[in-house]
Amino acid sequence: MKHISLLDDCLMSKEFLHVFDDIKGVLFFLKNRQCELLWANPRLAQHCGFSSVEELLKAQDDFNIHSVELAEQYREDDLQVMESGEVKEGIVELFPNYLGDLSWFVTKKIPLFNKAGEVLGLYGIMQTYENSGKLGRPLGEIAKALEYIKAHYTEKISNKLLARECGLSVRPFEKRFKQIFKSTPHQYIIKLRILKACDLLLSKNKTIIEVATDLGFYDQSAFNLHFKKQVGTTPLKYIKKHSS
């Protein structure tokens, strides 16, 4: 296996790779300095639609597994951890399965050092938010808002409605949500819509205006504005770039 040489130089035993193989709701991965996957547990391989860990590793990196928007976010976090040499935890993010269904995960990324104190890569643990509470990182009542957003993100959703779903008043809900996601509920709903748009635009079954309308945007102009802000380019240029 290609991970052996890396582990020979770092402070991690080969047996450690199998610790997370059978823990329910936990996905595990190991990456090198180039953000390439060197190891993963079977649950991660299955979640991403691969028949085995070996097949997943052949994909090499996130860009060959996920949409560009998600892959860029994952890599940004990876590089931050490896450049700082510090653990990054409590990352609440969307992590789709092979069917494109979006699920919420709580992620912890840990730098991997050699005996000289140099960062060789990182490893990470992803927990479904349903199980994160059992492992010490509960999202508490906010989980009810996440379920509602997941089911209704194409609709107009008020903070008042989400707060009611959680059994909270509006201000405590907004404070708790921002503490977890580092954004307002509205900003996160927009991001969720754009993430879904990245897949729909490349399906070739819908026009840009149809995608915009299906995802709840007022018009194509508003969709273009939010898309460019999140992805860094227009929907049309995105299609041309990734359809060639």
# chains A, B, ... in the order shown; residues from 1 in each chain; ligands from 1
>>> residues_around(residues="Gln187 (chain A)", least_positions_apart="2", cutoff="12 Å", atoms="only C-alpha atoms", output="number ranges by chain")
A: 149, 153, 157-159, 174, 177-178, 181-185, 189-194, 226, 229-230
>>> write_last_selection(atoms="C-alpha atoms", output="tab-separated table (two decimals), in the first residue's frame")
chain	number	residue	atom	x	y	z
A	149	ILE	CA	-33.39	23.20	5.88
A	153	TYR	CA	-33.92	24.71	1.18
A	157	ILE	CA	-37.35	30.01	5.15
A	158	SER	CA	-37.46	32.55	7.96
A	159	ASN	CA	-35.34	32.49	11.10
A	174	GLU	CA	-29.47	32.90	15.50
A	177	PHE	CA	-26.52	28.78	14.53
A	178	LYS	CA	-23.79	31.33	13.83
A	181	PHE	CA	-21.74	27.37	11.13
A	182	LYS	CA	-19.90	30.72	11.19
A	183	SER	CA	-22.70	32.17	9.07
A	184	THR	CA	-26.35	33.16	9.28
A	185	PRO	CA	-29.08	30.65	8.39
A	189	ILE	CA	-29.20	28.14	2.78
A	190	ILE	CA	-27.78	30.09	-0.15
A	191	LYS	CA	-24.58	28.04	0.02
A	192	LEU	CA	-26.59	24.83	0.07
A	193	ARG	CA	-28.51	25.93	-3.02
A	194	ILE	CA	-25.28	26.79	-4.86
A	226	HIS	CA	-24.86	34.40	-5.64
A	229	LYS	CA	-19.86	34.99	-5.05
A	230	GLN	CA	-19.68	31.38	-3.87
>>> residues_around(residues="Met126 (chain A)", least_positions_apart="3", cutoff="6 Å", atoms="only C-alpha atoms", output="count of residues only")
4
>>> select_by_dssp(residues="region 79-165 of chain A", states="alpha helix (DSSP H)", output="ChimeraX atom specification")
/A:79-84,129-132,142-152,159-165
>>> residues_around(residues="Pro235 (chain A)", least_positions_apart="2", cutoff="12 Å", atoms="only C-alpha atoms", output="VMD selection string")
chain A and resid 194 to 195 197 to 202 207 to 209 211 to 212 220 to 233 237 to 243
>>> closest_residue(among="A:Lys156, A:His186, A:Lys31, A:Arg171", to="Gly124 (chain A)", atoms="only C-alpha atoms")
A:Lys31
>>> select_by_dssp(residues="region 30-94 of chain A", states="strand (DSSP E)", output="list in words")
Leu30, Lys31, Asn32, Leu37, Leu38, Trp39, Ala40, Lys88, Glu89, Gly90, Ile91, Val92, Glu93 and Leu94 of chain A
>>> write_last_selection(atoms="N, CA and C atoms", output="mmCIF file, in the first residue's frame")
data_model
loop_
_atom_site.group_PDB
_atom_site.id
_atom_site.type_symbol
_atom_site.label_atom_id
_atom_site.label_comp_id
_atom_site.auth_asym_id
_atom_site.auth_seq_id
_atom_site.Cartn_x
_atom_site.Cartn_y
_atom_site.Cartn_z
ATOM 1 N N LEU A 30 -6.917 9.562 5.580
ATOM 2 C CA LEU A 30 -5.526 9.974 5.753
ATOM 3 C C LEU A 30 -5.046 10.575 4.439
ATOM 4 N N LYS A 31 -4.403 11.746 4.499
ATOM 5 C CA LYS A 31 -3.931 12.418 3.288
ATOM 6 C C LYS A 31 -2.473 12.845 3.450
ATOM 7 N N ASN A 32 -1.776 12.967 2.307
ATOM 8 C CA ASN A 32 -0.405 13.463 2.338
ATOM 9 C C ASN A 32 -0.382 14.974 2.141
ATOM 10 N N LEU A 37 -5.514 11.219 -1.068
ATOM 11 C CA LEU A 37 -5.970 10.192 -0.147
ATOM 12 C C LEU A 37 -4.977 9.034 -0.109
ATOM 13 N N LEU A 38 -4.506 8.692 1.083
ATOM 14 C CA LEU A 38 -3.602 7.558 1.252
ATOM 15 C C LEU A 38 -4.286 6.392 1.937
ATOM 16 N N TRP A 39 -5.331 6.696 2.706
ATOM 17 C CA TRP A 39 -6.062 5.634 3.369
ATOM 18 C C TRP A 39 -7.437 6.156 3.774
ATOM 19 N N ALA A 40 -8.379 5.231 3.962
ATOM 20 C CA ALA A 40 -9.723 5.584 4.418
ATOM 21 C C ALA A 40 -10.332 4.336 5.040
ATOM 22 N N LYS A 88 -7.860 21.259 13.570
ATOM 23 C CA LYS A 88 -9.063 22.023 13.267
ATOM 24 C C LYS A 88 -10.251 21.107 13.538
ATOM 25 N N GLU A 89 -11.100 21.491 14.483
ATOM 26 C CA GLU A 89 -12.210 20.628 14.852
ATOM 27 C C GLU A 89 -13.523 21.391 14.870
ATOM 28 N N GLY A 90 -14.595 20.653 14.997
ATOM 29 C CA GLY A 90 -15.908 21.274 15.017
ATOM 30 C C GLY A 90 -16.312 21.857 13.684
ATOM 31 N N ILE A 91 -15.746 21.323 12.576
ATOM 32 C CA ILE A 91 -16.111 21.784 11.243
ATOM 33 C C ILE A 91 -17.445 21.143 10.879
ATOM 34 N N VAL A 92 -18.495 21.927 10.812
ATOM 35 C CA VAL A 92 -19.810 21.399 10.446
ATOM 36 C C VAL A 92 -20.010 21.669 8.965
ATOM 37 N N GLU A 93 -20.127 20.609 8.174
ATOM 38 C CA GLU A 93 -20.170 20.775 6.732
ATOM 39 C C GLU A 93 -21.077 19.746 6.070
ATOM 40 N N LEU A 94 -21.428 20.042 4.846
ATOM 41 C CA LEU A 94 -22.217 19.116 4.035
ATOM 42 C C LEU A 94 -21.279 18.154 3.331
#
>>> closest_residue(among="A:Gly167, A:Gly85, A:Pro96, A:Gly216", to="Asp62 (chain A)", atoms="only C-alpha atoms")
A:Pro96
